[in-house]
Amino acid sequence: MNNQQQNQNLQDSSQMAAKESHGGHEMLDVHEAVSGVVGTLEHYLLYQNHIQDPELKTMLQQHKTYLSQTYNTIVETLQTGKEPAVKTQTYNMAQGNDVVYGMQPSQPKTPAQSVNELNDQSISSFMMGHLKTCASAFTMTALEATNPVLRRVFADSIPHVIEMAYEVFQYQNKNQYYQVPQLKQQDMQNYMNSFAPIQNPMAH
């Protein structure tokens, strides 16, 4: 088989309709990422009636609104390959950036044995797990997506999913659901000083 015959089997993306400019590997990654969003939204439906704290309930509702719009934007871009009608939105978390350090004694945790035992600590932990999954799947998809618009939609969404997850972390931390221990001061200092900057990095 000569080069001309081989090249007949190859097609440049510039020759393809936008909605056809997707690769097979990309389709699998996108399917996994979008399924993760669907799972998150469906689980959020299950959680909302079990939340006691109005603050957490409001947070969950804001996440649902953002993720629902992100889902629509991704689906439209996937099906058309073109710029979506609603671009990637910005998510602004309500929590602050202050972290409480240190450990307080607490009762050992065991898995709930009934739905009635689920509480805000459990639910906020579930929310964090879903958002970590979405952030990871969006990142993996953006790294190898062939359609440039779809790649950009995923890449632009990642920081906002991270923002939601960090908001959950802040909520958990201030309620002592997620405690943050530290190393001894000398150990912390040793770790912080274990690397040095490259001298004149432009020379490399």
# chains A, B, ... in the order shown; residues from 1 in each chain; ligands from 1
call {"tool": "closest_atom_pairs", "arguments": {"of": "stretch 123-146 of chain A", "to": "stretch 73-84 of chain A", "cutoff": "12 Å", "atoms": "only C-alpha atoms", "output": "CSV"}}
result
residue,atom,partner,partner_atom,distance
A:Phe138,CA,A:Ile74,CA,10.7
A:Thr141,CA,A:Ile74,CA,11.7
A:Ala142,CA,A:Ile74,CA,11.9
A:Ala145,CA,A:Leu78,CA,10.8
A:Thr146,CA,A:Gly81,CA,10.3
call {"tool": "write_last_selection", "arguments": {"atoms": "N, CA, C and O atoms", "output": "PDB file, in the first residue's frame"}}
result
ATOM      1  N   PHE A 138     -13.231  15.474  34.157  1.00  0.00           N
ATOM      2  CA  PHE A 138     -13.146  16.632  33.267  1.00  0.00           C
ATOM      3  C   PHE A 138     -11.701  16.854  32.834  1.00  0.00           C
ATOM      4  O   PHE A 138     -11.430  17.172  31.676  1.00  0.00           O
ATOM      5  N   THR A 141     -10.562  14.197  30.321  1.00  0.00           N
ATOM      6  CA  THR A 141     -11.215  14.420  29.032  1.00  0.00           C
ATOM      7  C   THR A 141     -10.577  15.596  28.293  1.00  0.00           C
ATOM      8  O   THR A 141     -10.306  15.517  27.087  1.00  0.00           O
ATOM      9  N   ALA A 142     -10.324  16.682  29.014  1.00  0.00           N
ATOM     10  CA  ALA A 142      -9.745  17.876  28.378  1.00  0.00           C
ATOM     11  C   ALA A 142      -8.341  17.616  27.840  1.00  0.00           C
ATOM     12  O   ALA A 142      -7.931  18.240  26.861  1.00  0.00           O
ATOM     13  N   ALA A 145      -9.136  15.545  24.317  1.00  0.00           N
ATOM     14  CA  ALA A 145     -10.279  15.794  23.435  1.00  0.00           C
ATOM     15  C   ALA A 145      -9.793  16.368  22.109  1.00  0.00           C
ATOM     16  O   ALA A 145      -8.925  17.232  22.088  1.00  0.00           O
ATOM     17  N   THR A 146     -10.329  15.869  21.009  1.00  0.00           N
ATOM     18  CA  THR A 146      -9.885  16.336  19.697  1.00  0.00           C
ATOM     19  C   THR A 146     -10.676  17.544  19.215  1.00  0.00           C
ATOM     20  O   THR A 146     -10.146  18.394  18.515  1.00  0.00           O
TER      21      THR A 146
END
call {"tool": "residues_around", "arguments": {"residues": "A:Phe126", "least_positions_apart": "6", "cutoff": "12 Å", "atoms": "only C-alpha atoms", "output": "ChimeraX atom specification"}}
result
/A:39-41,43-44,46-48,51,60,118-120,132-133,165,168-169,172
call {"tool": "write_last_selection", "arguments": {"atoms": "N, CA, C and O atoms", "output": "PDB file, in the first residue's frame"}}
result
ATOM      1  N   GLY A  39     -24.665  11.320  37.540  1.00  0.00           N
ATOM      2  CA  GLY A  39     -24.677  10.635  38.834  1.00  0.00           C
ATOM      3  C   GLY A  39     -24.667  11.616  39.995  1.00  0.00           C
ATOM      4  O   GLY A  39     -25.372  11.423  40.997  1.00  0.00           O
ATOM      5  N   THR A  40     -23.879  12.670  39.862  1.00  0.00           N
ATOM      6  CA  THR A  40     -23.817  13.687  40.914  1.00  0.00           C
ATOM      7  C   THR A  40     -25.176  14.347  41.090  1.00  0.00           C
ATOM      8  O   THR A  40     -25.684  14.470  42.220  1.00  0.00           O
ATOM      9  N   LEU A  41     -25.794  14.761  40.002  1.00  0.00           N
ATOM     10  CA  LEU A  41     -27.098  15.423  40.074  1.00  0.00           C
ATOM     11  C   LEU A  41     -28.171  14.499  40.653  1.00  0.00           C
ATOM     12  O   LEU A  41     -29.004  14.930  41.463  1.00  0.00           O
ATOM     13  N   HIS A  43     -27.674  11.887  42.661  1.00  0.00           N
ATOM     14  CA  HIS A  43     -27.410  11.669  44.087  1.00  0.00           C
ATOM     15  C   HIS A  43     -27.781  12.899  44.912  1.00  0.00           C
ATOM     16  O   HIS A  43     -28.279  12.774  46.035  1.00  0.00           O
ATOM     17  N   TYR A  44     -27.537  14.081  44.357  1.00  0.00           N
ATOM     18  CA  TYR A  44     -27.930  15.311  45.057  1.00  0.00           C
ATOM     19  C   TYR A  44     -29.432  15.318  45.330  1.00  0.00           C
ATOM     20  O   TYR A  44     -29.892  15.815  46.360  1.00  0.00           O
ATOM     21  N   LEU A  46     -31.207  12.737  46.018  1.00  0.00           N
ATOM     22  CA  LEU A  46     -31.402  11.864  47.181  1.00  0.00           C
ATOM     23  C   LEU A  46     -30.986  12.542  48.477  1.00  0.00           C
ATOM     24  O   LEU A  46     -31.589  12.327  49.525  1.00  0.00           O
ATOM     25  N   TYR A  47     -29.948  13.357  48.405  1.00  0.00           N
ATOM     26  CA  TYR A  47     -29.408  13.972  49.622  1.00  0.00           C
ATOM     27  C   TYR A  47     -30.264  15.112  50.148  1.00  0.00           C
ATOM     28  O   TYR A  47     -30.326  15.338  51.357  1.00  0.00           O
ATOM     29  N   GLN A  48     -30.895  15.872  49.253  1.00  0.00           N
ATOM     30  CA  GLN A  48     -31.466  17.155  49.666  1.00  0.00           C
ATOM     31  C   GLN A  48     -32.502  17.032  50.781  1.00  0.00           C
ATOM     32  O   GLN A  48     -32.599  17.918  51.636  1.00  0.00           O
ATOM     33  N   ILE A  51     -30.724  16.644  54.452  1.00  0.00           N
ATOM     34  CA  ILE A  51     -29.842  17.688  55.000  1.00  0.00           C
ATOM     35  C   ILE A  51     -30.575  18.464  56.086  1.00  0.00           C
ATOM     36  O   ILE A  51     -31.732  18.860  55.915  1.00  0.00           O
ATOM     37  N   LEU A  60     -25.886  22.856  48.275  1.00  0.00           N
ATOM     38  CA  LEU A  60     -26.235  21.750  47.377  1.00  0.00           C
ATOM     39  C   LEU A  60     -27.089  22.261  46.220  1.00  0.00           C
ATOM     40  O   LEU A  60     -26.871  21.882  45.068  1.00  0.00           O
ATOM     41  N   LEU A 118     -27.819   8.848  58.381  1.00  0.00           N
ATOM     42  CA  LEU A 118     -27.056   9.774  57.548  1.00  0.00           C
ATOM     43  C   LEU A 118     -27.274  11.198  58.051  1.00  0.00           C
ATOM     44  O   LEU A 118     -28.393  11.597  58.358  1.00  0.00           O
ATOM     45  N   ASN A 119     -26.185  11.960  58.143  1.00  0.00           N
ATOM     46  CA  ASN A 119     -26.279  13.325  58.656  1.00  0.00           C
ATOM     47  C   ASN A 119     -25.516  14.270  57.733  1.00  0.00           C
ATOM     48  O   ASN A 119     -25.012  13.871  56.675  1.00  0.00           O
ATOM     49  N   ASP A 120     -25.410  15.526  58.136  1.00  0.00           N
ATOM     50  CA  ASP A 120     -24.758  16.523  57.285  1.00  0.00           C
ATOM     51  C   ASP A 120     -23.282  16.206  57.068  1.00  0.00           C
ATOM     52  O   ASP A 120     -22.731  16.524  56.010  1.00  0.00           O
ATOM     53  N   LYS A 132     -14.911  15.518  43.380  1.00  0.00           N
ATOM     54  CA  LYS A 132     -13.566  15.030  43.047  1.00  0.00           C
ATOM     55  C   LYS A 132     -13.614  14.180  41.781  1.00  0.00           C
ATOM     56  O   LYS A 132     -12.756  14.290  40.898  1.00  0.00           O
ATOM     57  N   THR A 133     -14.620  13.334  41.692  1.00  0.00           N
ATOM     58  CA  THR A 133     -14.772  12.478  40.513  1.00  0.00           C
ATOM     59  C   THR A 133     -14.990  13.327  39.259  1.00  0.00           C
ATOM     60  O   THR A 133     -14.377  13.083  38.212  1.00  0.00           O
ATOM     61  N   ALA A 165     -15.783  22.036  45.198  1.00  0.00           N
ATOM     62  CA  ALA A 165     -15.205  21.059  46.125  1.00  0.00           C
ATOM     63  C   ALA A 165     -14.515  21.767  47.292  1.00  0.00           C
ATOM     64  O   ALA A 165     -14.630  21.344  48.445  1.00  0.00           O
ATOM     65  N   VAL A 168     -17.037  22.892  49.770  1.00  0.00           N
ATOM     66  CA  VAL A 168     -17.459  21.791  50.639  1.00  0.00           C
ATOM     67  C   VAL A 168     -16.392  21.532  51.709  1.00  0.00           C
ATOM     68  O   VAL A 168     -16.708  21.341  52.888  1.00  0.00           O
ATOM     69  N   PHE A 169     -15.121  21.535  51.295  1.00  0.00           N
ATOM     70  CA  PHE A 169     -14.037  21.351  52.268  1.00  0.00           C
ATOM     71  C   PHE A 169     -14.109  22.407  53.367  1.00  0.00           C
ATOM     72  O   PHE A 169     -13.986  22.105  54.555  1.00  0.00           O
ATOM     73  N   GLN A 172     -16.922  21.663  55.698  1.00  0.00           N
ATOM     74  CA  GLN A 172     -16.598  20.527  56.561  1.00  0.00           C
ATOM     75  C   GLN A 172     -15.587  20.928  57.640  1.00  0.00           C
ATOM     76  O   GLN A 172     -15.704  20.525  58.795  1.00  0.00           O
TER      77      GLN A 172
END
call {"tool": "residues_around", "arguments": {"residues": "A:Leu28", "least_positions_apart": "6", "cutoff": "12 Å", "atoms": "only C-alpha atoms", "output": "list of chain:residue names"}}
result
A:His22, A:Val34, A:Ser35, A:Ala137, A:Met140, A:Thr141, A:Glu144, A:Ala145
call {"tool": "write_last_selection", "arguments": {"atoms": "C-alpha atoms", "output": "mmCIF file, in the first residue's frame"}}
result
data_model
loop_
_atom_site.group_PDB
_atom_site.id
_atom_site.type_symbol
_atom_site.label_atom_id
_atom_site.label_comp_id
_atom_site.auth_asym_id
_atom_site.auth_seq_id
_atom_site.Cartn_x
_atom_site.Cartn_y
_atom_site.Cartn_z
ATOM 1 C CA HIS A 22 -14.503 13.813 17.624
ATOM 2 C CA VAL A 34 -20.958 13.344 31.545
ATOM 3 C CA SER A 35 -22.160 10.202 33.322
ATOM 4 C CA ALA A 137 -12.967 13.105 34.737
ATOM 5 C CA MET A 140 -8.733 13.546 31.785
ATOM 6 C CA THR A 141 -11.215 14.420 29.032
ATOM 7 C CA GLU A 144 -7.091 14.352 24.950
ATOM 8 C CA ALA A 145 -10.279 15.794 23.435
#
call {"tool": "closest_residue", "arguments": {"among": "A:Gly23, A:Asp29, A:Ile162, A:Val37", "to": "A:Asn92", "atoms": "only C-alpha atoms"}}
result
A:Ile162
call {"tool": "residues_around", "arguments": {"residues": "A:Lys109", "least_positions_apart": "5", "cutoff": "12 Å", "atoms": "only C-alpha atoms", "output": "list in words"}}
result
Glu117, Leu118, Gln121, Ser122 and Tyr177 of chain A
call {"tool": "write_last_selection", "arguments": {"atoms": "all heavy atoms", "output": "PDB file, in the first residue's frame"}}
result
ATOM      1  N   GLU A 117     -29.591   7.358  59.812  1.00  0.00           N
ATOM      2  CA  GLU A 117     -28.329   7.701  60.480  1.00  0.00           C
ATOM      3  C   GLU A 117     -27.484   8.667  59.653  1.00  0.00           C
ATOM      4  O   GLU A 117     -26.525   9.228  60.160  1.00  0.00           O
ATOM      5  CB  GLU A 117     -27.518   6.429  60.753  1.00  0.00           C
ATOM      6  CG  GLU A 117     -28.135   5.510  61.788  1.00  0.00           C
ATOM      7  CD  GLU A 117     -27.296   4.251  61.974  1.00  0.00           C
ATOM      8  OE1 GLU A 117     -26.062   4.361  62.095  1.00  0.00           O
ATOM      9  OE2 GLU A 117     -27.886   3.158  61.983  1.00  0.00           O
ATOM     10  N   LEU A 118     -27.819   8.848  58.381  1.00  0.00           N
ATOM     11  CA  LEU A 118     -27.056   9.774  57.548  1.00  0.00           C
ATOM     12  C   LEU A 118     -27.274  11.198  58.051  1.00  0.00           C
ATOM     13  O   LEU A 118     -28.393  11.597  58.358  1.00  0.00           O
ATOM     14  CB  LEU A 118     -27.487   9.664  56.086  1.00  0.00           C
ATOM     15  CG  LEU A 118     -27.241   8.308  55.423  1.00  0.00           C
ATOM     16  CD1 LEU A 118     -27.759   8.323  53.992  1.00  0.00           C
ATOM     17  CD2 LEU A 118     -25.759   7.959  55.444  1.00  0.00           C
ATOM     18  N   GLN A 121     -22.651  15.588  58.046  1.00  0.00           N
ATOM     19  CA  GLN A 121     -21.251  15.190  57.865  1.00  0.00           C
ATOM     20  C   GLN A 121     -21.145  14.157  56.749  1.00  0.00           C
ATOM     21  O   GLN A 121     -20.300  14.266  55.860  1.00  0.00           O
ATOM     22  CB  GLN A 121     -20.677  14.625  59.165  1.00  0.00           C
ATOM     23  CG  GLN A 121     -19.225  14.191  59.037  1.00  0.00           C
ATOM     24  CD  GLN A 121     -18.618  13.730  60.356  1.00  0.00           C
ATOM     25  OE1 GLN A 121     -19.304  13.668  61.373  1.00  0.00           O
ATOM     26  NE2 GLN A 121     -17.345  13.411  60.338  1.00  0.00           N
ATOM     27  N   SER A 122     -22.022  13.157  56.780  1.00  0.00           N
ATOM     28  CA  SER A 122     -22.023  12.121  55.742  1.00  0.00           C
ATOM     29  C   SER A 122     -22.300  12.731  54.374  1.00  0.00           C
ATOM     30  O   SER A 122     -21.589  12.472  53.397  1.00  0.00           O
ATOM     31  CB  SER A 122     -23.105  11.069  56.026  1.00  0.00           C
ATOM     32  OG  SER A 122     -22.982  10.537  57.312  1.00  0.00           O
ATOM     33  N   TYR A 177     -15.884  18.466  60.638  1.00  0.00           N
ATOM     34  CA  TYR A 177     -16.066  17.201  59.934  1.00  0.00           C
ATOM     35  C   TYR A 177     -14.771  16.802  59.244  1.00  0.00           C
ATOM     36  O   TYR A 177     -14.530  15.630  58.989  1.00  0.00           O
ATOM     37  CB  TYR A 177     -17.167  17.305  58.868  1.00  0.00           C
ATOM     38  CG  TYR A 177     -18.527  17.720  59.359  1.00  0.00           C
ATOM     39  CD1 TYR A 177     -19.424  18.344  58.495  1.00  0.00           C
ATOM     40  CD2 TYR A 177     -18.930  17.478  60.672  1.00  0.00           C
ATOM     41  CE1 TYR A 177     -20.687  18.716  58.919  1.00  0.00           C
ATOM     42  CE2 TYR A 177     -20.193  17.857  61.108  1.00  0.00           C
ATOM     43  CZ  TYR A 177     -21.064  18.483  60.228  1.00  0.00           C
ATOM     44  OH  TYR A 177     -22.311  18.872  60.638  1.00  0.00           O
TER      45      TYR A 177
END
call {"tool": "atom_distance", "arguments": {"atom1": "atom CA of A:Gly102", "atom2": "atom CA of A:Val161"}}
result
26.8 Å
call {"tool": "residues_around", "arguments": {"residues": "A:Gln179", "least_positions_apart": "3", "cutoff": "6 Å", "atoms": "only C-alpha atoms", "output": "number ranges by chain"}}
result
A: 103, 173, 176
call {"tool": "select_by_dssp", "arguments": {"residues": "stretch 67-152 of chain A", "states": "alpha helix (DSSP H)", "output": "ChimeraX atom specification"}}
result
/A:67-80,120-144,148-152
call {"tool": "closest_residue", "arguments": {"among": "A:Val100, A:Met127, A:Leu183, A:Ala135", "to": "A:Gln61", "atoms": "only C-alpha atoms"}}
result
A:Met127
call {"tool": "closest_residue", "arguments": {"among": "A:Gln52, A:Ser114, A:Gln107, A:Ser124", "to": "A:Glu167", "atoms": "only C-alpha atoms"}}
result
A:Ser124
